[in-house]
Structures are given as structure tokens and as C-alpha cells.
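The structure under discussion appears below in the form of C-alpha cells.
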Amino acid sequence: MQHTLVILVEDKPGVLNRVASLFRRRAFNIESLTVGHTDQPGLSRMTIMVDSDEANIQRLTAYLYKLVNVIQMHDLTATPKVSRDLAMIKVAADAQNRTQIMQIVDVFRARIVDVTNTSMIIEITGDEEKIEGFVEVLRPLGIIEMVRTGVVAMARGGNALYPPNGNGHHEYSMVN
Amino acid sequence: MKRTGAQIMWETLIREGVEVVFGYPGGANLPIYDAMLDYSIRHVLVRHEQGAAHMADGYARASGKVGVALATSGPGATNLVTGIATAMMDSTPTVFITGQVNSRLIGYDAFQEIDVTGITLPITKHNYLVTRVDEVEHAIREAFYIARTGRPGPVLVDIAKDAQQNTLDWEPETAPIKMRGYRPDYSPSDKDFQQALEMIRSARRPVILAGHGVLMSGAVESLRKFVERANIPVAMTLLGLSGFPATHPLNLGMMGMHGEAWVNNSIQEADLILAFGMRFDDRVTGNLKTFATGAKKIHCDIDPAEINKNVRVDLALLGNLRQTIDRLLENLETLDHSDWVNHIYALKGDSAVRDIQSLPGTDHLYAAHVVNDLWRYTHGNALVVTDVGQHQMWTAQYFHQDHPRRFLTSGGLGTMGFGLPAGIGAKIACPDADVWVVAGDGGFQMTQAELATAAQENVKVNVAIMNNGYLGMVRQWQEFFYERRYAATPMRSPDFVKIAEAHGLTGLRVTRRDQVEDALRQAHAAEGSVVIDFRVEQEDSVYPMVPTGADLGNMIRRPLPTPLVETAASED
């Protein structure tokens, strides 16, 4: 099944390579990966979507913690969370179908961020299903190009994934 | 104090306790070599950087200290790769320092530039690219800390030439290392210990599987106490050998692909497996689906990633093995498993008759006999380093090592060419030890250039080449599984006696059993290194053997009564 992993890493050169290389080396296929800064200096946060079973995710977790630059990781798959993906879609749009497209954009609560005589760029934020639904509706009208950020995710509720200056590694209790 | 990066590097190494480095100079580490002359550190000039890596590895295995190897950029760095991977697979604490081109040139394909941190990413525990003089000390200190703590392993530090040359107003850092993403120190909960003790007390047929972790964590004494209190027999992995005395009555011997039949059978019959610092490698377990299915399993290891990786366990005690065993001992009373131990002895059955030691050595020179003679002649006191192949298995089977860290071998990666350089490293770590390298004719030739290093450094290692004119282990597989089609395994070697003599060393040749002891005596008495060319039986095979993927209890046994080159088919 598809897992949503959130990984806090030190913001240093080569860390993205170390994480991505680990997935490759251990034969895990990354479906989506995003990375960016956090509110804490020196800390970056990755959201990685990977398709795997539970036992292998446990194995992957242990390998990730062996990377010296990985501070904390969480599997948010079963956790109540908000996940978002952002897409920009450039569609062919002229005077004849512009209104029709704008109606669709309205329904999906997307936004038009660029308009020319022959095209539009539409920005949409949402979970993956919403974006895929939107793309399917737009496809017959003529998609010129599209870009997606990949999923970012955050657990609902008041807790932080990583307390400032805390020791992130979780305690292993291995009684089955 | 004003210091160059190279000076800071050496002073930091010395503060980390380094006394010897193995290396090879070149353009990108010239400042390091120039600065070296001003410090009291022993440098061993190798003939190939792979040799430096294996020497640092052998040094670390024999001493328990961190081994250090030095190489230049580009080809110097890439030549280290096999040695680094060897250290990674066997978790030996090592630090590799490579020169890198000037930081301004990195990324421009400069002369002898190679992305060594990229190349070694999957074969190091961690690595560093140092481009500024003010990063040198920090990287070196962290490298040693990471190499020696937790599950040990190799760490590489790549230092750009300008970072070696530039100067800094520098005072040594003394604050302890703090790394928020690195955690070497797990310890099991009291509840886990309670559960482990209950499982140990209620077991009727327990077996300990002792691995490299026993040696790495310094648990040799603790393990002996534990075994004698709990009266639980011990099966050894290849890398575990010497972690528990081979001649101890509760030592069953080596398990796995070339383990003794009764050892593998007792594991299959066990109701509790105590895995101490071992990782259930495929060479040890055979078919995972049928591995010890009747046994509860307790896995004591320092690396969380090993838990439930190959074998699902019932309980894991995660942490330093010595501390784990000591804590178990605190609450463990004497147990009796004499029925079970007697049963295992009974499993030996006709093993003694099948044993190659029972074959007369009059007409043939068997490698196993040579190894056994070496063991007897040295009273088991030699520090034995093997290469990889048949002779490695025979040495594991017939050199009954009682002393910790005195059986060194490349297990995980199975690196041919490991033996001679690792032996040189071990001898430098333990100058008083009687170091014997046991190698095959194939593996020896991979790194035989290091004989010149041994000669130049006046390092005495005796080399026993089990020369059978084949790449023997591959030939054995061809015999068993490829209808004796000996593709590319017959090997014609140079005259090893002359090779030794060309290096100013002594070479001896042995073709008969009755010459073995005399040759060993001569080698022992000689001042420098001695190479002995043992012309052993050409088509002998290592028995027993669990074919890859077969059940652990399903072994090809040495045929009865005498012919040595029977095929597997005739046995089945």
C-alpha cells in the first residue's frame, strides 16, 4: 500500500542524495518526493510517498535512522493528516471556451494565474484525487503542459513532529 | 596557533589515538604527506591502495582500534573502494582519508578528480567532503566517533587540497561530539530483559548463535560466563570464530553453508535461538522458510536495521552486546541442559569417520591437513588471517581458534586478496603475534604485491598458500552444480618460491605431508616473512555443504568411505 513518510533531515549538502540513494539501494520505488525548509534553521523536511508493505516500511525506517543526517521520521499513513499537492496546468484557451474553463476552475476552487489570447495557467491545490479529477476534466480541452509539486503532508492536532532540540529517534521496542 | 589543514588533520588523528596509517601519496594529498614528516606517526607505504584499506581493516580487527588508510584523489580513491566495502560488510571501525582536487576545481573534471563521496555513499557508514580548512578537525573527529561507536564501520573523509594547504588560527576542540541525527546507544527495557530471561529459563533445547558482535563489543568474557552459567551450546558464524574458545566443550563449531552437520542439525532442532551479535546472513541460515522453525528467537544486536530483516524474531534486545549479556547474567541462575547437549553430541554420528582428518595423509597433501598441522604446530596460538575460498573454510573448520581477534577473515563481502594485506595490518597491530596468512593460489595473486610492503617494513607474516591450481571454491561449485565444466577455473601460477625470493624473502615448497612440519618450523625460525607453496590436492572439496537456498539441515556430506572427488549426485 502507499505510505506517506515525513522525514526531518539536517539541511546540509548531499542529504537529499543520501536519502534518495538509500531508497534506490534498498530497492524502494519513490512515487513522490518533496523537500523544503522548516521553521527551524538547519532543518529540512521531506515528504516521501512510497508503495510498500508494513514489514518493509519498518526495515526502511531503520535504514533511514542509520543515515547520520536523518533526525526524525514518521509514517503518517495511518495518522489523521492533511496532505496537499499543488499543480499548475497550462491549457489551450481562446475566446470561445474561456468561460467554460473558468466555470470548471470555479467548481474545483482552483485559480487562474496567467491568461493569454491562446492559453491559461491554472493553479490548483488539493489532495491527489482532487487534482487528478481536475486534470481529467481539463484534458479534452487541450492541456499544453502541467507541473506538480508532489505531496506534502502534516499530521492533524497540536503536536510537533520534532520538538526543538529534542532527541528525535524513537525508542525501539521490538516485542512482537 | 597557526596551523595548515594538513597539520590540523595529523594533530587530530594523534588526539584520536592513531599511531600508524597505511597509505599511498599522490598529487592531491601532497600537503598531508609533507606535514606528516613533522609528527611521530608510522606510515606504511603500500603497493596498491586496496592493500592500504585491507591493512587498516586487519589492523582494526586485530586490535579493536580504528584503522586508518590514506590515499590520493581519483584512482587512489577508487582503488580503496573494495577495501572500504569489505570493512562495511564486516563492520570494522576504519577511517579513510582521501585527497581531493582544489575545491575551486570540484565539478570540473579536473585531473584525478573523482566524486569519491558519491562513489562510497552506499559502502560507508558516513562520509564527508571537506572543502574548507575550518572543517577539517570537525570532520575527522566525527569520523572517528561514528566509526567506533554503535555498529562500527568505515567512514571516509575527502579533503580538498586547498583545505589541506590553507591556514587557520586553531586550538584543538575538546568538547564531546554531539550529533542530533546519530544515535549509537540503544538499551533494552527491563521488561524486555524479564521476557528474555523467562524464555531462556523455559527453553529445553536452546542454542546460542555467536557472531562478530561478540568480538566487536568486547563480550568474549561475558559470553563465556553466560554459556557456563546457562549451559547453552554455542554455534559460531564465520566472523564469530575466536569470540568463544573453539576447544570449549560447549562450542559446537561453525554453522551455516560449511558448518558441521551436527551444528546445523542442532539449530534446526532447537526450541530457542539466542542470536548474539549476528545478522542471519544467507550463508548462515540456508532456506529462510525452513530455518529453525521450532525455535523462539531472541535477537541481541546493536543495529535496529538487523532486527526482523531476514528472520522474524520473538524478542529483540537492542544495544551493546556485552552490556546486554552482563544484564542477563545479573539475574540468571545456573541452568542444566545436559540432555540436550548429549543429544547434540549424539548427532555427530559418523561425522568423525567422514572427517578429512581421518583420511591418511600419506599419498595426498590435503589443505585441511596442512591447516590442522599449522594449528597443532603453533599450539593454536597463531593469529590466522585467511583469504577467501576453500582454504578459508578449511581454516575455519580446522584451525580451532581459542583466542579472541586471532581469526581474521573477509566474511560479508568475501574479498579475495584480503589475506596478505590484512595480515600485515594485523601484525603491525600485534607485533608479538605469530601471524599466519592462509591463502589460495588465486586470491594470493590478487594482492601479492604487498609482499614488497612486508619486506620494506620488515613486517614478518608467514604465508601458507594452498596451491591447488584451481580457483578452488568456484571449481567445487562447477563440480557440484555445473557438471564439472571447469570454465576459467584452472589457473597456472608463477613460482611462488621465486616470487618470495624476488622480494628478498624466503620461499619454501611442500608437496608431501611429512614435509609440512619442517616447513612450518623453518618459517617460524626465519627472520623475515616466509611464503610456503603447499601443493595440495587439486580437486578436493569443502564438506559439508548446504547448497544455496537449501534447508540448513540438507547438507552434502563428504562421501564415505574415502574417495574425495565424488559428486553431489552420487551422494544423493
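In the C-alpha cells, chains take the letters A, B, ... in the order shown, each chain's residues start at 1, and ligands count up from 1 in the order shown.
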
For chain A, work out the contacting residues on chain B at 8 Å, counting only C-alpha atoms, and write them as a VMD selection string.
chain B and resid 121 to 122 125 to 126 180 to 183 186 188 192 304 to 305 308 to 309 313 to 318

Quick one: everything within 7 Å of A:Ala92, counting only C-alpha atoms, minus sequence neighbours fewer than 6 positions away in the same chain. Send it as a PyMOL selection string.
chain A and resi 118-120+141-144

Let me see the file: selected residues, N, CA and C atoms, as a short mmCIF file (atom, residue, chain, number, x, y, z; two decimals), in the first residue's frame.
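In the end it all went to selection-v3.cif:
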data_model
loop_
_atom_site.label_atom_id
_atom_site.label_comp_id
_atom_site.auth_asym_id
_atom_site.auth_seq_id
_atom_site.Cartn_x
_atom_site.Cartn_y
_atom_site.Cartn_z
N THR A 118 -4.35 32.72 -26.17
CA THR A 118 -4.50 31.33 -26.58
C THR A 118 -4.37 30.35 -25.44
N SER A 119 -4.04 30.85 -24.24
CA SER A 119 -3.78 29.89 -23.16
C SER A 119 -4.12 30.46 -21.79
N MET A 120 -4.11 29.55 -20.82
CA MET A 120 -4.27 29.93 -19.41
C MET A 120 -3.39 29.03 -18.57
N LEU A 141 -10.08 19.62 -23.27
CA LEU A 141 -9.95 21.00 -23.74
C LEU A 141 -8.55 21.29 -24.27
N GLY A 142 -7.61 20.40 -23.96
CA GLY A 142 -6.27 20.59 -24.52
C GLY A 142 -5.26 21.07 -23.50
N ILE A 143 -4.62 20.16 -22.79
CA ILE A 143 -3.57 20.54 -21.84
C ILE A 143 -2.27 20.75 -22.61
N ILE A 144 -1.66 21.90 -22.44
CA ILE A 144 -0.38 22.20 -23.11
C ILE A 144 0.79 21.64 -22.30
#

Find the spatial neighbours of B:Thr120, counting only C-alpha atoms, within a cut-off of 12 Å - ignore same-chain residues fewer than 5 positions away - and output them as JSON, numbers by chain.
{"A": [18, 21], "B": [77, 78, 79, 80, 81, 82, 83, 84, 85, 86, 87, 88, 96, 98, 114, 115, 125, 126, 127, 128, 129, 154, 155, 156, 157, 158]}

Considering only C-alpha atoms, return as number ranges by chain whatever protein or nucleic-acid residues lie within 10 Å of B:Lys427, sequence-local ones (same chain, fewer than 5 positions apart) excluded.
B: 55, 58-59, 62-63, 383, 421-422, 432-436, 454, 459-461

Would you export the selected residues with C-alpha atoms as a short mmCIF file (atom, residue, chain, number, x, y, z; two decimals), in the first residue's frame, please?
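selection_12.cif, written as the output of this step:
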data_model
loop_
_atom_site.label_atom_id
_atom_site.label_comp_id
_atom_site.auth_asym_id
_atom_site.auth_seq_id
_atom_site.Cartn_x
_atom_site.Cartn_y
_atom_site.Cartn_z
CA MET B 55 45.72 -3.34 6.18
CA GLY B 58 43.17 -6.05 9.53
CA TYR B 59 44.74 -3.62 11.99
CA ALA B 62 43.23 -7.47 15.39
CA SER B 63 43.43 -4.54 17.81
CA LEU B 383 46.95 -15.10 14.64
CA PRO B 421 47.40 -7.10 3.42
CA ALA B 422 45.04 -7.76 6.35
CA ASP B 432 54.24 -10.03 19.18
CA ALA B 433 51.70 -12.24 17.47
CA ASP B 434 52.73 -15.15 15.26
CA VAL B 435 50.80 -14.09 12.16
CA TRP B 436 49.95 -16.66 9.53
CA ALA B 454 56.07 -6.55 4.18
CA VAL B 459 56.87 -6.98 8.93
CA LYS B 460 57.01 -10.72 9.43
CA VAL B 461 53.94 -12.53 8.22
#

Can you tell me, as a VMD selection string, what residues are no more than 6 Å from stretch 400-411 of chain B when counting only C-alpha atoms, ignoring any on the same chain fewer than 3 positions away?
chain B and resid 62 242 to 243 245 to 246 383 to 386 414 to 415

Using only C-alpha atoms for the distances, tell me which of B:Tyr482, B:Asp518, B:Thr489, B:Leu451 is nearest to B:Gly504.
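The answer is B:Leu451, which sits nearest to B:Gly504.
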
Can you list, as a PyMOL selection string, every residue of stretch 10-141 of chain A that DSSP puts in strand (DSSP E)?
chain A and resi 10+30-37+43-51+70-75+81-92+111-115+119-126

For a test of reading the model, state the distance in Å between atom CA of B:Leu13 and atom CA of B:Trp170, rounded to one decimal.
15.1 Å

Near B:Gln112, within 9 Å and counting only C-alpha atoms, which residues show up once chain neighbours fewer than 5 positions away are dropped, as a ChimeraX atom specification?
/B:27-28,72-76,100-101

Take the residues from that selection and write them out as a tab-separated table (two decimals), in the first residue's frame, keeping C-alpha atoms.
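In the end it all went to part_18.tsv:
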chain	number	residue	atom	x	y	z
B	27	GLY	CA	49.16	14.97	-6.13
B	28	ALA	CA	46.05	15.73	-4.12
B	72	THR	CA	45.14	10.48	-3.07
B	73	SER	CA	42.24	11.62	-5.25
B	74	GLY	CA	40.92	9.89	-8.37
B	75	PRO	CA	42.46	6.44	-8.90
B	76	GLY	CA	43.92	6.42	-5.40
B	100	GLN	CA	40.60	15.80	-3.33
B	101	VAL	CA	41.39	18.36	-6.01

Given only C-alpha atoms as the basis, pick out the residue of A:Ile57, A:Met49, A:Val135, A:Val115 nearest to A:Ile89.
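Looking at the shortest contact to A:Ile89, the residue is A:Val135.
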
Just asking: which residues within stretch 428-547 of chain B are alpha helix (DSSP H) according to DSSP, as a PyMOL selection string?
chain B and resi 428-429+441-446+450-456+472-481+496-502+516-525

For A:Thr38: contacts at 12 Å, only C-alpha atoms, fewer than 4 positions along chain excluded, given as a list in words:
Ile7, Leu8, Val9, Glu10, Asp11, Gly42, Leu43, Ser44, Arg45, Met46, Ala160, Leu161, Tyr162 and Pro164 of chain A

Counting only C-alpha atoms, the option among A:Leu5, A:Leu138, A:Val147, A:Val152 closest to A:Asp75:
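The shortest atom-to-atom distance to A:Asp75 comes from A:Leu5.
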
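One finds atom CA of B:Leu241 at 23.7 Å from atom CA of B:Gly51.
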